[in-house]
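Visitor: Provided herewith: structure.pdb, PDB, C-alpha atoms.
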```pdb
ATOM      1  CA  MET A   1       1.374   2.230  -4.402
ATOM      2  CA  ASN A   2       5.045   2.925  -4.192
ATOM      3  CA  VAL A   3       7.049   0.188  -5.817
ATOM      4  CA  ARG A   4      10.743  -0.060  -6.320
ATOM      5  CA  GLU A   5      12.149   1.923  -9.247
ATOM      6  CA  SER A   6      10.389   0.735 -12.355
ATOM      7  CA  GLY A   7      12.235   2.587 -15.072
ATOM      8  CA  MET A   8       8.859   3.813 -16.329
ATOM      9  CA  PRO A   9       9.464   5.375 -19.730
ATOM     10  CA  GLU A  10       7.770   8.493 -21.003
ATOM     11  CA  GLU A  11       4.306   7.841 -22.380
ATOM     12  CA  CYS A  12       5.279   8.200 -26.046
ATOM     13  CA  GLU A  13       7.907   5.454 -25.647
ATOM     14  CA  TRP A  14       5.743   3.333 -23.327
ATOM     15  CA  SER A  15       2.895   3.185 -25.859
ATOM     16  CA  THR A  16       5.188   1.618 -28.471
ATOM     17  CA  PHE A  17       5.703  -1.492 -26.315
ATOM     18  CA  PHE A  18       2.101  -2.728 -26.466
ATOM     19  CA  ASN A  19      -1.041  -3.160 -28.482
ATOM     20  CA  PRO A  20      -3.349  -2.901 -25.449
ATOM     21  CA  ILE A  21      -6.595  -4.018 -27.127
ATOM     22  CA  ASP A  22      -4.959  -7.143 -28.554
ATOM     23  CA  ILE A  23      -3.232  -7.968 -25.272
ATOM     24  CA  LEU A  24      -6.407  -7.550 -23.200
ATOM     25  CA  LYS A  25      -8.440  -9.695 -25.599
ATOM     26  CA  THR A  26      -5.693 -12.332 -25.654
ATOM     27  CA  MET A  27      -5.847 -12.346 -21.856
ATOM     28  CA  ALA A  28      -9.614 -13.033 -22.040
ATOM     29  CA  LEU A  29     -10.998  -9.598 -21.188
ATOM     30  CA  SER A  30     -14.278  -9.339 -23.082
ATOM     31  CA  ASP A  31     -17.615  -7.568 -23.171
ATOM     32  CA  GLN A  32     -18.843 -10.350 -20.872
ATOM     33  CA  THR A  33     -16.455  -9.027 -18.201
ATOM     34  CA  GLN A  34     -18.186  -6.552 -15.987
ATOM     35  CA  ASP A  35     -16.058  -4.623 -13.522
ATOM     36  CA  VAL A  36     -12.270  -4.241 -13.760
ATOM     37  CA  ALA A  37      -9.606  -2.785 -11.453
ATOM     38  CA  ASP A  38      -6.338  -1.490 -12.903
ATOM     39  CA  PHE A  39      -3.803  -1.405 -10.035
ATOM     40  CA  GLY A  40      -1.025   1.070 -10.806
ATOM     41  CA  CYS A  41      -2.888   2.372 -13.858
ATOM     42  CA  GLY A  42      -0.074   4.706 -14.878
ATOM     43  CA  TYR A  43      -0.866   6.654 -18.047
ATOM     44  CA  GLY A  44      -4.059   4.637 -18.597
ATOM     45  CA  THR A  45      -2.413   2.607 -21.367
ATOM     46  CA  PHE A  46      -4.622  -0.359 -20.498
ATOM     47  CA  THR A  47      -7.346   1.495 -18.577
ATOM     48  CA  MET A  48      -8.853   3.179 -21.621
ATOM     49  CA  PRO A  49      -8.892   0.021 -23.811
ATOM     50  CA  ALA A  50     -10.342  -1.979 -20.896
ATOM     51  CA  ALA A  51     -13.111   0.629 -20.600
ATOM     52  CA  ARG A  52     -13.950   0.125 -24.282
ATOM     53  CA  ILE A  53     -14.001  -3.679 -23.954
ATOM     54  CA  THR A  54     -15.759  -4.266 -20.629
ATOM     55  CA  SER A  55     -19.470  -3.916 -20.019
ATOM     56  CA  GLY A  56     -18.971  -2.433 -16.556
ATOM     57  CA  THR A  57     -16.808  -0.017 -14.608
ATOM     58  CA  VAL A  58     -13.024   0.233 -14.664
ATOM     59  CA  TYR A  59     -11.390   1.409 -11.434
ATOM     60  CA  ALA A  60      -8.102   3.131 -12.331
ATOM     61  CA  ILE A  61      -5.984   3.177  -9.179
ATOM     62  CA  ASP A  62      -2.580   4.807  -8.781
ATOM     63  CA  ILE A  63      -0.613   6.519  -6.027
ATOM     64  CA  ASP A  64       0.803   9.167  -8.381
ATOM     65  CA  PRO A  65      -1.484  12.201  -8.777
ATOM     66  CA  GLU A  66       0.061  12.953 -12.198
ATOM     67  CA  MET A  67      -0.976   9.514 -13.461
ATOM     68  CA  ILE A  68      -4.510   9.996 -12.143
ATOM     69  CA  MET A  69      -4.673  13.376 -13.917
ATOM     70  CA  ALA A  70      -3.416  11.781 -17.151
ATOM     71  CA  VAL A  71      -6.217   9.200 -16.996
ATOM     72  CA  LYS A  72      -8.833  11.871 -16.205
ATOM     73  CA  LYS A  73      -7.667  13.913 -19.196
ATOM     74  CA  LYS A  74      -7.975  10.881 -21.483
ATOM     75  CA  MET A  75     -11.450  10.213 -20.120
ATOM     76  CA  LEU A  76     -12.500  13.753 -21.072
ATOM     77  CA  ASP A  77     -10.751  13.685 -24.452
ATOM     78  CA  LYS A  78     -12.333  10.350 -25.389
ATOM     79  CA  ALA A  79     -15.700  10.899 -23.666
ATOM     80  CA  VAL A  80     -15.202   7.768 -21.554
ATOM     81  CA  THR A  81     -17.769   7.546 -18.754
ATOM     82  CA  ASN A  82     -17.181   4.098 -17.232
ATOM     83  CA  VAL A  83     -13.835   4.795 -15.508
ATOM     84  CA  ILE A  84     -13.523   5.806 -11.869
ATOM     85  CA  THR A  85     -10.097   7.107 -10.864
ATOM     86  CA  MET A  86      -8.799   6.537  -7.353
ATOM     87  CA  ARG A  87      -5.590   7.915  -5.887
ATOM     88  CA  ARG A  88      -4.478   5.339  -3.325
ATOM     89  CA  ASP A  89      -1.449   3.625  -1.882
ATOM     90  CA  ILE A  90      -2.776   0.098  -2.311
ATOM     91  CA  LEU A  91      -0.074  -1.578  -0.225
ATOM     92  CA  HIS A  92      -0.769   0.625   2.803
ATOM     93  CA  GLU A  93      -4.452   1.540   2.362
ATOM     94  CA  GLY A  94      -5.857  -1.290   0.265
ATOM     95  CA  SER A  95      -7.664  -0.665  -2.994
ATOM     96  CA  GLY A  96     -10.701   0.986  -1.411
ATOM     97  CA  LEU A  97     -12.971  -1.546  -3.109
ATOM     98  CA  VAL A  98     -15.302  -3.857  -1.212
ATOM     99  CA  ASP A  99     -14.940  -7.654  -1.094
ATOM    100  CA  GLU A 100     -15.811  -9.489  -4.322
ATOM    101  CA  ASN A 101     -16.385  -6.239  -6.222
ATOM    102  CA  VAL A 102     -14.733  -6.889  -9.614
ATOM    103  CA  ASP A 103     -14.365  -9.639 -12.202
ATOM    104  CA  TYR A 104     -10.881  -8.828 -13.443
ATOM    105  CA  VAL A 105      -7.762  -7.087 -12.077
ATOM    106  CA  LEU A 106      -4.835  -5.750 -14.106
ATOM    107  CA  LEU A 107      -1.375  -5.927 -12.489
ATOM    108  CA  PHE A 108       0.826  -4.674 -15.287
ATOM    109  CA  ASN A 109       4.508  -4.067 -14.583
ATOM    110  CA  ILE A 110       4.082  -3.630 -10.831
ATOM    111  CA  LEU A 111       4.849  -7.012  -9.241
ATOM    112  CA  HIS A 112       8.446  -6.006  -8.590
ATOM    113  CA  THR A 113       7.111  -4.488  -5.374
ATOM    114  CA  LYS A 114       8.680  -5.604  -2.091
ATOM    115  CA  CYS A 115       5.288  -7.057  -1.024
ATOM    116  CA  PRO A 116       3.885  -8.961  -4.031
ATOM    117  CA  VAL A 117       1.890 -11.471  -1.977
ATOM    118  CA  LYS A 118       0.242  -8.673   0.016
ATOM    119  CA  LEU A 119      -0.755  -7.024  -3.267
ATOM    120  CA  LEU A 120      -2.077 -10.312  -4.680
ATOM    121  CA  LYS A 121      -4.085 -10.993  -1.520
ATOM    122  CA  GLU A 122      -5.794  -7.618  -2.004
ATOM    123  CA  VAL A 123      -6.541  -8.632  -5.599
ATOM    124  CA  TYR A 124      -7.959 -11.956  -4.403
ATOM    125  CA  ARG A 125     -10.132 -10.188  -1.820
ATOM    126  CA  ILE A 126     -11.811  -7.869  -4.323
ATOM    127  CA  LEU A 127     -12.312 -10.476  -7.064
ATOM    128  CA  ARG A 128     -15.671 -12.143  -7.474
ATOM    129  CA  LYS A 129     -15.839 -15.942  -7.644
ATOM    130  CA  ASN A 130     -14.068 -17.152 -10.820
ATOM    131  CA  GLY A 131     -12.612 -13.674 -11.315
ATOM    132  CA  SER A 132      -9.210 -13.294 -12.980
ATOM    133  CA  VAL A 133      -5.957 -11.545 -12.256
ATOM    134  CA  ALA A 134      -3.986 -10.540 -15.357
ATOM    135  CA  ILE A 135      -0.268  -9.964 -14.871
ATOM    136  CA  ILE A 136       2.268  -8.521 -17.289
ATOM    137  CA  ASN A 137       5.928  -8.137 -16.395
ATOM    138  CA  TRP A 138       9.210  -7.369 -18.068
ATOM    139  CA  ASN A 139      11.188 -10.347 -19.361
ATOM    140  CA  LEU A 140      14.296 -11.269 -17.440
ATOM    141  CA  ASN A 141      16.838 -10.258 -20.030
ATOM    142  CA  LEU A 142      19.135  -7.291 -20.138
ATOM    143  CA  LYS A 143      18.066  -6.164 -23.595
ATOM    144  CA  THR A 144      14.850  -4.428 -22.572
ATOM    145  CA  PRO A 145      14.960  -0.690 -23.263
ATOM    146  CA  ARG A 146      13.557   0.227 -19.841
ATOM    147  CA  GLY A 147      12.001  -1.383 -16.826
ATOM    148  CA  PRO A 148      13.112  -2.165 -13.307
ATOM    149  CA  PRO A 149      16.583  -3.565 -12.659
ATOM    150  CA  VAL A 150      16.790  -7.208 -13.735
ATOM    151  CA  GLU A 151      17.566  -8.371 -10.193
ATOM    152  CA  ILE A 152      14.114  -7.281  -8.939
ATOM    153  CA  ARG A 153      12.068  -8.471 -11.923
ATOM    154  CA  PRO A 154       9.963 -11.493 -10.997
ATOM    155  CA  SER A 155       9.956 -14.510 -13.271
ATOM    156  CA  LEU A 156       6.779 -16.051 -14.641
ATOM    157  CA  GLU A 157       7.224 -18.993 -12.263
ATOM    158  CA  GLN A 158       7.659 -16.644  -9.294
ATOM    159  CA  CYS A 159       4.438 -14.837 -10.214
ATOM    160  CA  LYS A 160       2.585 -18.170 -10.393
ATOM    161  CA  GLU A 161       3.939 -19.159  -6.965
ATOM    162  CA  TRP A 162       2.860 -15.824  -5.459
ATOM    163  CA  CYS A 163      -0.617 -16.201  -6.958
ATOM    164  CA  VAL A 164      -1.032 -19.719  -5.562
ATOM    165  CA  LYS A 165       0.219 -18.531  -2.158
ATOM    166  CA  SER A 166      -2.452 -15.807  -2.316
ATOM    167  CA  GLY A 167      -5.254 -18.311  -2.961
ATOM    168  CA  PHE A 168      -5.490 -18.444  -6.763
ATOM    169  CA  ASN A 169      -6.286 -21.737  -8.491
ATOM    170  CA  PRO A 170      -2.954 -23.317  -9.530
ATOM    171  CA  ASN A 171      -4.635 -25.203 -12.386
ATOM    172  CA  SER A 172      -5.981 -22.019 -13.953
ATOM    173  CA  ALA A 173      -2.632 -20.510 -15.002
ATOM    174  CA  LYS A 174      -2.355 -19.372 -18.621
ATOM    175  CA  ALA A 175       0.961 -17.889 -19.726
ATOM    176  CA  TYR A 176       1.604 -15.570 -22.675
ATOM    177  CA  ASP A 177       4.679 -14.286 -24.475
ATOM    178  CA  PHE A 178       4.292 -10.632 -25.400
ATOM    179  CA  LYS A 179       7.471 -10.229 -27.394
ATOM    180  CA  PRO A 180       9.827  -8.592 -27.364
ATOM    181  CA  TYR A 181       9.836  -7.250 -23.800
ATOM    182  CA  HIS A 182       7.069  -8.802 -21.701
ATOM    183  CA  TYR A 183       5.346 -11.976 -20.566
ATOM    184  CA  GLY A 184       1.797 -12.357 -19.297
ATOM    185  CA  LEU A 185      -0.068 -14.573 -16.869
ATOM    186  CA  VAL A 186      -3.767 -14.982 -16.102
ATOM    187  CA  MET A 187      -5.020 -16.911 -13.069
ATOM    188  CA  LYS A 188      -8.488 -17.404 -11.627
ATOM    189  CA  LYS A 189      -9.839 -17.135  -8.105
TER     190      LYS A 189
END
```
Mind turning the file's structure into structure tokens?

Guide:
Amino acid sequence: MNVRESGMPEECEWSTFFNPIDILKTMALSDQTQDVADFGCGYGTFTMPAARITSGTVYAIDIDPEMIMAVKKKMLDKAVTNVITMRRDILHEGSGLVDENVDYVLLFNILHTKCPVKLLKEVYRILRKNGSVAIINWNLNLKTPRGPPVEIRPSLEQCKEWCVKSGFNPNSAKAYDFKPYHYGLVMKK
């Protein structure tokens, strides 16, 4: 999926911003979660940890062939067998997954797209009943080392509104502060 300029840092810098296992567990991903989709999987920063946590399959989806190759290399290096990579433009082609196919979807640092509701409706479509969408975005301050321009970064409240507009349960919202650069949101179908 092509999104507006994200200011994606090199992988060595990117990996210093997160503790993926801790973040995923905080956002209620567990071994009770079966199938997961990682939209805009990038370097696989969260794909590989999700594959270790979940009991099912992780679908790593990205439009960039270099990102897909990076994830495939990590799969080989770490002998990970429960990840399926998919090169797709989600906004124009959809995810390629059938209705109600996964329990959990990762939308990490990609909701600055021009069509966030369209993206969230695709998430809603592929989620099973009571499935969750997990969102992480850059905070709205100018002191972040990278990321998209501040004027296109969505706020936590904007993300909640988009989720509700896409069908997610407004009473299910759980917000997180992933200092220093990010916030998180989990909502249920």

Visitor: Counting only C-alpha atoms, which residues of region 8-66 of chain A sit at most 8 Å from some atom of region 76-96 of chain A, and what is each one's closest atom pair with its distance in Å to one decimal, listed by chain and rising residue number, as a tab-separated table?

Guide:
```
residue	atom	partner	partner_atom	distance
A:Phe39	CA	A:Ile90	CA	7.9
A:Thr47	CA	A:Val83	CA	7.9
A:Met48	CA	A:Val80	CA	7.8
A:Ala51	CA	A:Asn82	CA	6.3
A:Gly56	CA	A:Asn82	CA	6.8
A:Thr57	CA	A:Asn82	CA	4.9
A:Val58	CA	A:Val83	CA	4.7
A:Tyr59	CA	A:Ile84	CA	4.9
A:Ala60	CA	A:Thr85	CA	4.7
A:Ile61	CA	A:Met86	CA	4.7
A:Asp62	CA	A:Arg87	CA	5.2
A:Ile63	CA	A:Arg88	CA	4.9
A:Asp64	CA	A:Arg87	CA	7.0
A:Pro65	CA	A:Arg87	CA	6.6
```

Visitor: Rounded to one decimal place, report the CA of Arg125 (chain A)-CA of Ile152 (chain A) distance in Å.

Guide: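 CA of Arg125 (chain A) sits 25.4 Å away from CA of Ile152 (chain A).
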
Visitor: Excluding Leu106 (chain A) and any residue of its chain fewer than 4 positions from it, enumerate the residues within 8 Å of it, using only C-alpha atoms, and give them as a PDB file with C-alpha atoms, keeping the file's coordinate frame.

Guide:
```pdb
ATOM      1  CA  VAL A  36     -12.270  -4.241 -13.760  1.00  0.00           C
ATOM      2  CA  ALA A  37      -9.606  -2.785 -11.453  1.00  0.00           C
ATOM      3  CA  ASP A  38      -6.338  -1.490 -12.903  1.00  0.00           C
ATOM      4  CA  PHE A  39      -3.803  -1.405 -10.035  1.00  0.00           C
ATOM      5  CA  VAL A 133      -5.957 -11.545 -12.256  1.00  0.00           C
ATOM      6  CA  ALA A 134      -3.986 -10.540 -15.357  1.00  0.00           C
ATOM      7  CA  ILE A 135      -0.268  -9.964 -14.871  1.00  0.00           C
TER       8      ILE A 135
END
```

Visitor: Go through A:Val105, A:Leu185, A:Leu120, A:Ile110 and flag the residue nearest Cys163 (chain A), using all atoms listed in the file for the distances.

Guide: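 Of A:Val105, A:Leu185, A:Leu120, A:Ile110, the one nearest Cys163 (chain A), counting all atoms listed in the file, is A:Leu120.
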
Visitor: Any idea what's packed within 10 Å of Leu111 (chain A), counting all atoms listed in the file, ignoring anything in its chain fewer than 4 positions away? Could you give it as a ChimeraX atom specification?

Guide: /A:3-4,107,115-117,119-120,135-138,152-155,159,162

Visitor: Name the residues in contact with region 18-26 of chain A at a cut-off of 10 Å, using all atoms listed in the file, excluding same-chain residues fewer than 5 positions from it; report them as a compact mmCIF listing (two decimals) with C-alpha atoms, keeping the file's coordinate frame.

Guide:
```
# COMPACT_ATOMS: atom_id res chain seq x y z
CA ASP A 31 -17.61 -7.57 -23.17
CA THR A 45 -2.41 2.61 -21.37
CA PHE A 46 -4.62 -0.36 -20.50
CA THR A 47 -7.35 1.50 -18.58
CA MET A 48 -8.85 3.18 -21.62
CA PRO A 49 -8.89 0.02 -23.81
CA ALA A 50 -10.34 -1.98 -20.90
CA ARG A 52 -13.95 0.12 -24.28
CA ILE A 53 -14.00 -3.68 -23.95
CA LEU A 106 -4.84 -5.75 -14.11
CA ALA A 134 -3.99 -10.54 -15.36
CA ILE A 136 2.27 -8.52 -17.29
CA TYR A 176 1.60 -15.57 -22.68
CA PHE A 178 4.29 -10.63 -25.40
CA LYS A 179 7.47 -10.23 -27.39
CA PRO A 180 9.83 -8.59 -27.36
CA TYR A 181 9.84 -7.25 -23.80
CA HIS A 182 7.07 -8.80 -21.70
CA GLY A 184 1.80 -12.36 -19.30
```

Visitor: In Å to one decimal, how far is CA of Gly44 (chain A) from CA of Glu161 (chain A)?

Guide: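 Interatomic distance here is 27.7 Å.
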
Visitor: Record the distance separating CA of Lys160 (chain A) and CA of Ile126 (chain A), expressed in Å with one decimal.

Guide: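 Spanning CA of Lys160 (chain A) to CA of Ile126 (chain A) is a straight-line distance of 18.7 Å.
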
Visitor: Determine the residue membership of the PyMOL selection byres ((chain A and resi 189) around 10) for the file above and supply it as a list in words.

Guide: Asp103, Tyr104, Val123, Tyr124, Arg125, Leu127, Arg128, Lys129, Asn130, Gly131, Ser132, Val133, Cys163, Val164, Ser166, Gly167, Phe168, Asn169, Pro170, Ser172, Met187 and Lys188 of chain A

Visitor: Of the candidates A:Asn141, A:Val71, A:Val102, A:Leu156, which shows the shortest atom-to-atom distance to Thr33 (chain A), using only C-alpha atoms?

Guide: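 Using only C-alpha atoms, the shortest distance to Thr33 (chain A) belongs to A:Val102.
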
Visitor: Taking into account all atoms listed in the file, which residue in the set A:Ala175, A:Glu100, A:Arg146, A:Gln158 is nearest to His112 (chain A)?

Guide: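 Smallest distance to His112 (chain A) is found for A:Gln158.
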
Visitor: Identify which of the residues A:Lys165, A:Thr144, A:Glu157, A:Ser55 lies closest to Lys118 (chain A), counting all atoms listed in the file when measuring atom-to-atom distances.

Guide: A:Lys165

Visitor: Some atoms are absent from region 112-141 of chain A, so rebuild N, CA and C atoms and return them as a PDB file, keeping the file's coordinate frame.

Guide:
```
ATOM      1  N   HIS A 112       7.089  -6.072  -9.129  1.00  0.00           N
ATOM      2  CA  HIS A 112       8.446  -6.006  -8.590  1.00  0.00           C
ATOM      3  C   HIS A 112       8.441  -5.281  -7.243  1.00  0.00           C
ATOM      4  N   THR A 113       7.246  -5.077  -6.695  1.00  0.00           N
ATOM      5  CA  THR A 113       7.111  -4.488  -5.374  1.00  0.00           C
ATOM      6  C   THR A 113       7.768  -5.376  -4.317  1.00  0.00           C
ATOM      7  N   LYS A 114       8.085  -4.812  -3.178  1.00  0.00           N
ATOM      8  CA  LYS A 114       8.680  -5.604  -2.091  1.00  0.00           C
ATOM      9  C   LYS A 114       7.650  -6.520  -1.433  1.00  0.00           C
ATOM     10  N   CYS A 115       6.362  -6.291  -1.681  1.00  0.00           N
ATOM     11  CA  CYS A 115       5.288  -7.057  -1.024  1.00  0.00           C
ATOM     12  C   CYS A 115       4.315  -7.635  -2.053  1.00  0.00           C
ATOM     13  N   PRO A 116       4.782  -8.472  -2.981  1.00  0.00           N
ATOM     14  CA  PRO A 116       3.885  -8.961  -4.031  1.00  0.00           C
ATOM     15  C   PRO A 116       2.737  -9.819  -3.511  1.00  0.00           C
ATOM     16  N   VAL A 117       2.966 -10.616  -2.490  1.00  0.00           N
ATOM     17  CA  VAL A 117       1.890 -11.471  -1.977  1.00  0.00           C
ATOM     18  C   VAL A 117       0.813 -10.616  -1.307  1.00  0.00           C
ATOM     19  N   LYS A 118       1.213  -9.586  -0.594  1.00  0.00           N
ATOM     20  CA  LYS A 118       0.242  -8.673   0.016  1.00  0.00           C
ATOM     21  C   LYS A 118      -0.630  -8.035  -1.067  1.00  0.00           C
ATOM     22  N   LEU A 119      -0.023  -7.620  -2.150  1.00  0.00           N
ATOM     23  CA  LEU A 119      -0.755  -7.024  -3.267  1.00  0.00           C
ATOM     24  C   LEU A 119      -1.714  -8.045  -3.877  1.00  0.00           C
ATOM     25  N   LEU A 120      -1.239  -9.269  -4.087  1.00  0.00           N
ATOM     26  CA  LEU A 120      -2.077 -10.312  -4.680  1.00  0.00           C
ATOM     27  C   LEU A 120      -3.212 -10.733  -3.742  1.00  0.00           C
ATOM     28  N   LYS A 121      -2.997 -10.677  -2.460  1.00  0.00           N
ATOM     29  CA  LYS A 121      -4.085 -10.993  -1.520  1.00  0.00           C
ATOM     30  C   LYS A 121      -5.180  -9.923  -1.589  1.00  0.00           C
ATOM     31  N   GLU A 122      -4.799  -8.670  -1.812  1.00  0.00           N
ATOM     32  CA  GLU A 122      -5.794  -7.618  -2.004  1.00  0.00           C
ATOM     33  C   GLU A 122      -6.570  -7.868  -3.294  1.00  0.00           C
ATOM     34  N   VAL A 123      -5.877  -8.283  -4.339  1.00  0.00           N
ATOM     35  CA  VAL A 123      -6.541  -8.632  -5.599  1.00  0.00           C
ATOM     36  C   VAL A 123      -7.547  -9.756  -5.352  1.00  0.00           C
ATOM     37  N   TYR A 124      -7.105 -10.800  -4.686  1.00  0.00           N
ATOM     38  CA  TYR A 124      -7.959 -11.956  -4.403  1.00  0.00           C
ATOM     39  C   TYR A 124      -9.207 -11.523  -3.622  1.00  0.00           C
ATOM     40  N   ARG A 125      -9.025 -10.660  -2.655  1.00  0.00           N
ATOM     41  CA  ARG A 125     -10.132 -10.188  -1.820  1.00  0.00           C
ATOM     42  C   ARG A 125     -11.211  -9.487  -2.633  1.00  0.00           C
ATOM     43  N   ILE A 126     -10.816  -8.657  -3.586  1.00  0.00           N
ATOM     44  CA  ILE A 126     -11.811  -7.869  -4.323  1.00  0.00           C
ATOM     45  C   ILE A 126     -12.392  -8.604  -5.523  1.00  0.00           C
ATOM     46  N   LEU A 127     -11.796  -9.736  -5.914  1.00  0.00           N
ATOM     47  CA  LEU A 127     -12.312 -10.476  -7.064  1.00  0.00           C
ATOM     48  C   LEU A 127     -13.547 -11.285  -6.695  1.00  0.00           C
ATOM     49  N   ARG A 128     -14.507 -11.275  -7.613  1.00  0.00           N
ATOM     50  CA  ARG A 128     -15.671 -12.143  -7.474  1.00  0.00           C
ATOM     51  C   ARG A 128     -15.249 -13.586  -7.746  1.00  0.00           C
ATOM     52  N   LYS A 129     -16.099 -14.531  -7.373  1.00  0.00           N
ATOM     53  CA  LYS A 129     -15.839 -15.942  -7.644  1.00  0.00           C
ATOM     54  C   LYS A 129     -15.561 -16.126  -9.135  1.00  0.00           C
ATOM     55  N   ASN A 130     -14.532 -16.891  -9.445  1.00  0.00           N
ATOM     56  CA  ASN A 130     -14.068 -17.152 -10.820  1.00  0.00           C
ATOM     57  C   ASN A 130     -13.482 -15.922 -11.503  1.00  0.00           C
ATOM     58  N   GLY A 131     -13.245 -14.854 -10.751  1.00  0.00           N
ATOM     59  CA  GLY A 131     -12.612 -13.674 -11.315  1.00  0.00           C
ATOM     60  C   GLY A 131     -11.153 -13.955 -11.669  1.00  0.00           C
ATOM     61  N   SER A 132     -10.567 -13.087 -12.482  1.00  0.00           N
ATOM     62  CA  SER A 132      -9.210 -13.294 -12.980  1.00  0.00           C
ATOM     63  C   SER A 132      -8.276 -12.153 -12.614  1.00  0.00           C
ATOM     64  N   VAL A 133      -7.025 -12.521 -12.357  1.00  0.00           N
ATOM     65  CA  VAL A 133      -5.957 -11.545 -12.256  1.00  0.00           C
ATOM     66  C   VAL A 133      -5.119 -11.685 -13.528  1.00  0.00           C
ATOM     67  N   ALA A 134      -4.827 -10.563 -14.163  1.00  0.00           N
ATOM     68  CA  ALA A 134      -3.986 -10.540 -15.357  1.00  0.00           C
ATOM     69  C   ALA A 134      -2.692  -9.813 -14.995  1.00  0.00           C
ATOM     70  N   ILE A 135      -1.580 -10.488 -15.237  1.00  0.00           N
ATOM     71  CA  ILE A 135      -0.268  -9.964 -14.871  1.00  0.00           C
ATOM     72  C   ILE A 135       0.573  -9.818 -16.131  1.00  0.00           C
ATOM     73  N   ILE A 136       1.242  -8.695 -16.257  1.00  0.00           N
ATOM     74  CA  ILE A 136       2.268  -8.521 -17.289  1.00  0.00           C
ATOM     75  C   ILE A 136       3.513  -8.010 -16.576  1.00  0.00           C
ATOM     76  N   ASN A 137       4.647  -8.581 -16.940  1.00  0.00           N
ATOM     77  CA  ASN A 137       5.928  -8.137 -16.395  1.00  0.00           C
ATOM     78  C   ASN A 137       6.984  -8.142 -17.474  1.00  0.00           C
ATOM     79  N   TRP A 138       8.062  -7.422 -17.168  1.00  0.00           N
ATOM     80  CA  TRP A 138       9.210  -7.369 -18.068  1.00  0.00           C
ATOM     81  C   TRP A 138       9.923  -8.723 -18.083  1.00  0.00           C
ATOM     82  N   ASN A 139      10.366  -9.140 -19.260  1.00  0.00           N
ATOM     83  CA  ASN A 139      11.188 -10.347 -19.361  1.00  0.00           C
ATOM     84  C   ASN A 139      12.482 -10.168 -18.578  1.00  0.00           C
ATOM     85  N   LEU A 140      13.077 -11.285 -18.256  1.00  0.00           N
ATOM     86  CA  LEU A 140      14.296 -11.269 -17.440  1.00  0.00           C
ATOM     87  C   LEU A 140      15.567 -11.218 -18.286  1.00  0.00           C
ATOM     88  N   ASN A 141      15.587 -10.397 -19.282  1.00  0.00           N
ATOM     89  CA  ASN A 141      16.838 -10.258 -20.030  1.00  0.00           C
ATOM     90  C   ASN A 141      17.307  -8.818 -19.970  1.00  0.00           C
TER      91      ASN A 141
END
```
